[in-house]
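Trainee: The following file, final29.cif, comprises mmCIF, N, CA and C atoms:
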```
data_my_file
loop_
_atom_site.group_PDB
_atom_site.id
_atom_site.type_symbol
_atom_site.label_atom_id
_atom_site.label_comp_id
_atom_site.auth_asym_id
_atom_site.auth_seq_id
_atom_site.Cartn_x
_atom_site.Cartn_y
_atom_site.Cartn_z
ATOM 1 N N MET A 1 123.196 133.410 88.017
ATOM 2 C CA MET A 1 122.507 132.223 88.465
ATOM 3 C C MET A 1 121.294 132.633 89.301
ATOM 4 N N ARG A 2 120.188 131.973 89.084
ATOM 5 C CA ARG A 2 118.945 132.310 89.773
ATOM 6 C C ARG A 2 118.878 131.582 91.104
ATOM 7 N N LYS A 3 118.489 132.278 92.140
ATOM 8 C CA LYS A 3 118.372 131.700 93.460
ATOM 9 C C LYS A 3 116.970 131.136 93.651
ATOM 10 N N LEU A 4 116.862 129.923 94.222
ATOM 11 C CA LEU A 4 115.552 129.333 94.485
ATOM 12 C C LEU A 4 115.070 129.753 95.862
ATOM 13 N N SER A 5 113.834 130.152 95.914
ATOM 14 C CA SER A 5 113.262 130.529 97.205
ATOM 15 C C SER A 5 112.457 129.361 97.752
ATOM 16 N N GLY A 6 111.870 129.523 98.907
ATOM 17 C CA GLY A 6 111.074 128.479 99.529
ATOM 18 C C GLY A 6 109.680 128.374 98.934
ATOM 19 N N LYS A 7 109.378 129.185 97.918
ATOM 20 C CA LYS A 7 108.044 129.163 97.328
ATOM 21 C C LYS A 7 107.873 127.954 96.418
ATOM 22 N N LYS A 8 106.644 127.488 96.324
ATOM 23 C CA LYS A 8 106.328 126.354 95.467
ATOM 24 C C LYS A 8 106.386 126.798 94.007
ATOM 25 N N MET A 9 107.057 126.006 93.200
ATOM 26 C CA MET A 9 107.181 126.324 91.791
ATOM 27 C C MET A 9 105.945 125.825 91.049
ATOM 28 N N ALA A 10 105.561 126.529 90.017
ATOM 29 C CA ALA A 10 104.403 126.141 89.221
ATOM 30 C C ALA A 10 104.654 124.789 88.563
ATOM 31 N N GLY A 11 103.631 123.942 88.574
ATOM 32 C CA GLY A 11 103.730 122.651 87.917
ATOM 33 C C GLY A 11 104.254 121.531 88.800
ATOM 34 N N THR A 12 104.674 121.844 90.020
ATOM 35 C CA THR A 12 105.146 120.775 90.906
ATOM 36 C C THR A 12 103.957 120.170 91.628
ATOM 37 N N LYS A 13 104.086 118.895 91.930
ATOM 38 C CA LYS A 13 102.997 118.199 92.608
ATOM 39 C C LYS A 13 103.445 117.731 93.973
ATOM 40 N N GLU A 14 102.545 117.770 94.923
ATOM 41 C CA GLU A 14 102.825 117.207 96.234
ATOM 42 C C GLU A 14 102.364 115.754 96.226
ATOM 43 N N ALA A 15 102.994 114.937 97.051
ATOM 44 C CA ALA A 15 102.582 113.543 97.155
ATOM 45 C C ALA A 15 101.171 113.490 97.731
ATOM 46 N N SER A 16 100.329 112.681 97.124
ATOM 47 C CA SER A 16 98.972 112.542 97.650
ATOM 48 C C SER A 16 98.684 111.063 97.842
ATOM 49 N N TYR A 17 97.944 110.775 98.868
ATOM 50 C CA TYR A 17 97.621 109.405 99.214
ATOM 51 C C TYR A 17 96.109 109.276 99.345
ATOM 52 N N PRO A 18 95.572 108.080 99.088
ATOM 53 C CA PRO A 18 94.120 107.909 99.244
ATOM 54 C C PRO A 18 93.735 107.991 100.724
ATOM 55 N N ALA A 19 92.515 108.373 100.938
ATOM 56 C CA ALA A 19 92.023 108.448 102.317
ATOM 57 C C ALA A 19 92.043 107.056 102.937
ATOM 58 N N GLU A 20 92.299 106.981 104.233
ATOM 59 C CA GLU A 20 92.430 105.687 104.906
ATOM 60 C C GLU A 20 91.165 104.848 104.773
ATOM 61 N N GLU A 21 90.012 105.476 104.751
ATOM 62 C CA GLU A 21 88.763 104.717 104.659
ATOM 63 C C GLU A 21 88.572 104.066 103.284
ATOM 64 N N ARG A 22 89.398 104.414 102.319
ATOM 65 C CA ARG A 22 89.310 103.801 100.991
ATOM 66 C C ARG A 22 90.014 102.446 100.939
ATOM 67 N N PHE A 23 90.852 102.155 101.947
ATOM 68 C CA PHE A 23 91.540 100.870 101.984
ATOM 69 C C PHE A 23 90.586 99.782 102.463
ATOM 70 N N ASN A 24 90.799 98.579 101.966
ATOM 71 C CA ASN A 24 90.004 97.434 102.351
ATOM 72 C C ASN A 24 90.372 97.038 103.790
ATOM 73 N N PRO A 25 89.409 97.024 104.733
ATOM 74 C CA PRO A 25 89.716 96.700 106.125
ATOM 75 C C PRO A 25 90.335 95.303 106.295
ATOM 76 N N ASP A 26 89.931 94.343 105.472
ATOM 77 C CA ASP A 26 90.513 93.005 105.562
ATOM 78 C C ASP A 26 91.994 93.028 105.185
ATOM 79 N N PHE A 27 92.334 93.830 104.193
ATOM 80 C CA PHE A 27 93.731 93.953 103.783
ATOM 81 C C PHE A 27 94.561 94.590 104.894
ATOM 82 N N ILE A 28 94.016 95.608 105.540
ATOM 83 C CA ILE A 28 94.719 96.276 106.641
ATOM 84 C C ILE A 28 94.967 95.287 107.775
ATOM 85 N N LYS A 29 93.967 94.463 108.112
ATOM 86 C CA LYS A 29 94.124 93.465 109.168
ATOM 87 C C LYS A 29 95.198 92.447 108.792
ATOM 88 N N GLU A 30 95.221 92.044 107.523
ATOM 89 C CA GLU A 30 96.214 91.082 107.056
ATOM 90 C C GLU A 30 97.624 91.646 107.174
ATOM 91 N N VAL A 31 97.795 92.905 106.794
ATOM 92 C CA VAL A 31 99.107 93.547 106.878
ATOM 93 C C VAL A 31 99.534 93.683 108.337
ATOM 94 N N GLU A 32 98.609 94.124 109.197
ATOM 95 C CA GLU A 32 98.934 94.268 110.615
ATOM 96 C C GLU A 32 99.306 92.921 111.226
ATOM 97 N N GLN A 33 98.617 91.853 110.836
ATOM 98 C CA GLN A 33 98.937 90.519 111.347
ATOM 99 C C GLN A 33 100.308 90.071 110.864
ATOM 100 N N SER A 34 100.629 90.367 109.614
ATOM 101 C CA SER A 34 101.941 90.006 109.075
ATOM 102 C C SER A 34 103.053 90.729 109.822
ATOM 103 N N ILE A 35 102.841 91.999 110.120
ATOM 104 C CA ILE A 35 103.830 92.773 110.874
ATOM 105 C C ILE A 35 104.017 92.171 112.256
ATOM 106 N N GLN A 36 102.918 91.810 112.909
ATOM 107 C CA GLN A 36 102.998 91.218 114.243
ATOM 108 C C GLN A 36 103.698 89.860 114.199
ATOM 109 N N ASP A 37 103.435 89.069 113.167
ATOM 110 C CA ASP A 37 104.089 87.768 113.022
ATOM 111 C C ASP A 37 105.610 87.927 112.936
ATOM 112 N N VAL A 38 106.054 88.911 112.165
ATOM 113 C CA VAL A 38 107.489 89.151 112.031
ATOM 114 C C VAL A 38 108.066 89.587 113.377
ATOM 115 N N LYS A 39 107.362 90.450 114.092
ATOM 116 C CA LYS A 39 107.828 90.884 115.408
ATOM 117 C C LYS A 39 107.901 89.715 116.384
ATOM 118 N N ASP A 40 107.016 88.738 116.228
ATOM 119 C CA ASP A 40 106.993 87.568 117.104
ATOM 120 C C ASP A 40 108.005 86.502 116.676
ATOM 121 N N GLY A 41 108.793 86.780 115.639
ATOM 122 C CA GLY A 41 109.821 85.846 115.194
ATOM 123 C C GLY A 41 109.322 84.779 114.242
ATOM 124 N N LYS A 42 108.157 84.956 113.658
ATOM 125 C CA LYS A 42 107.597 83.956 112.755
ATOM 126 C C LYS A 42 107.965 84.198 111.295
ATOM 127 N N GLY A 43 108.731 85.250 111.031
ATOM 128 C CA GLY A 43 109.108 85.558 109.659
ATOM 129 C C GLY A 43 110.257 84.689 109.185
ATOM 130 N N ILE A 44 110.478 84.653 107.898
ATOM 131 C CA ILE A 44 111.587 83.901 107.306
ATOM 132 C C ILE A 44 112.742 84.871 107.098
ATOM 133 N N LYS A 45 113.931 84.481 107.547
ATOM 134 C CA LYS A 45 115.107 85.328 107.380
ATOM 135 C C LYS A 45 116.032 84.690 106.358
ATOM 136 N N PHE A 46 116.630 85.525 105.516
ATOM 137 C CA PHE A 46 117.553 85.062 104.498
ATOM 138 C C PHE A 46 118.899 85.746 104.701
ATOM 139 N N LYS A 47 119.979 84.999 104.460
ATOM 140 C CA LYS A 47 121.319 85.548 104.632
ATOM 141 C C LYS A 47 121.665 86.522 103.517
ATOM 142 N N THR A 48 121.200 86.224 102.304
ATOM 143 C CA THR A 48 121.510 87.077 101.157
ATOM 144 C C THR A 48 120.253 87.285 100.320
ATOM 145 N N ALA A 49 120.313 88.265 99.458
ATOM 146 C CA ALA A 49 119.193 88.523 98.552
ATOM 147 C C ALA A 49 119.022 87.353 97.578
ATOM 148 N N ASP A 50 120.128 86.719 97.203
ATOM 149 C CA ASP A 50 120.046 85.559 96.309
ATOM 150 C C ASP A 50 119.254 84.426 96.954
ATOM 151 N N ASP A 51 119.438 84.234 98.258
ATOM 152 C CA ASP A 51 118.673 83.209 98.977
ATOM 153 C C ASP A 51 117.180 83.525 98.931
ATOM 154 N N LEU A 52 116.848 84.797 99.071
ATOM 155 C CA LEU A 52 115.444 85.229 98.993
ATOM 156 C C LEU A 52 114.863 84.910 97.620
ATOM 157 N N PHE A 53 115.596 85.267 96.565
ATOM 158 C CA PHE A 53 115.093 85.043 95.215
ATOM 159 C C PHE A 53 114.977 83.558 94.900
ATOM 160 N N ASP A 54 115.920 82.765 95.406
ATOM 161 C CA ASP A 54 115.837 81.314 95.211
ATOM 162 C C ASP A 54 114.581 80.757 95.891
ATOM 163 N N HIS A 55 114.267 81.265 97.074
ATOM 164 C CA HIS A 55 113.069 80.827 97.795
ATOM 165 C C HIS A 55 111.809 81.221 97.030
ATOM 166 N N LEU A 56 111.809 82.410 96.455
ATOM 167 C CA LEU A 56 110.623 82.887 95.718
ATOM 168 C C LEU A 56 110.408 82.098 94.426
ATOM 169 N N LYS A 57 111.473 81.588 93.837
ATOM 170 C CA LYS A 57 111.346 80.812 92.602
ATOM 171 C C LYS A 57 110.685 79.471 92.837
ATOM 172 N N LYS A 58 110.791 78.945 94.059
ATOM 173 C CA LYS A 58 110.236 77.619 94.385
ATOM 174 C C LYS A 58 108.740 77.627 94.447
#
```
Please go through the file and, once you have read it, give me the structure as structure tokens.

Mentor:
Amino acid sequence: MRKLSGKKMAGTKEASYPAEERFNPDFIKEVEQSIQDVKDGKGIKFKTADDLFDHLKK
């Protein structure tokens, strides 16, 4: 059996993300506001996943 070392194997890819400046600033503000709204208790809470899906269907 071959032992794997800590070296990177050929053909593997590392996760890559776009540079932060490529994101739309308005979208970032919207997401940050949504996060703050949830922290302030303004989010909608559901008891079950089925309740969530029923709400989304409406």

Trainee: Quick check, in Å to one decimal: how far apart do atom C of Glu30 (chain A) and atom N of Asp50 (chain A) lie?

Mentor: 25.1 Å

Trainee: Please indicate the distance in Å from atom N of Pro18 (chain A) to atom N of Asp37 (chain A), rounded to one decimal place.

Mentor: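 Atom N of Pro18 (chain A) sits 24.9 Å away from atom N of Asp37 (chain A).
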
Trainee: Just to confirm, what's the straight-line distance from atom N of Ile35 (chain A) to atom C of Glu21 (chain A) in Å (one decimal)?

Mentor: 19.9 Å
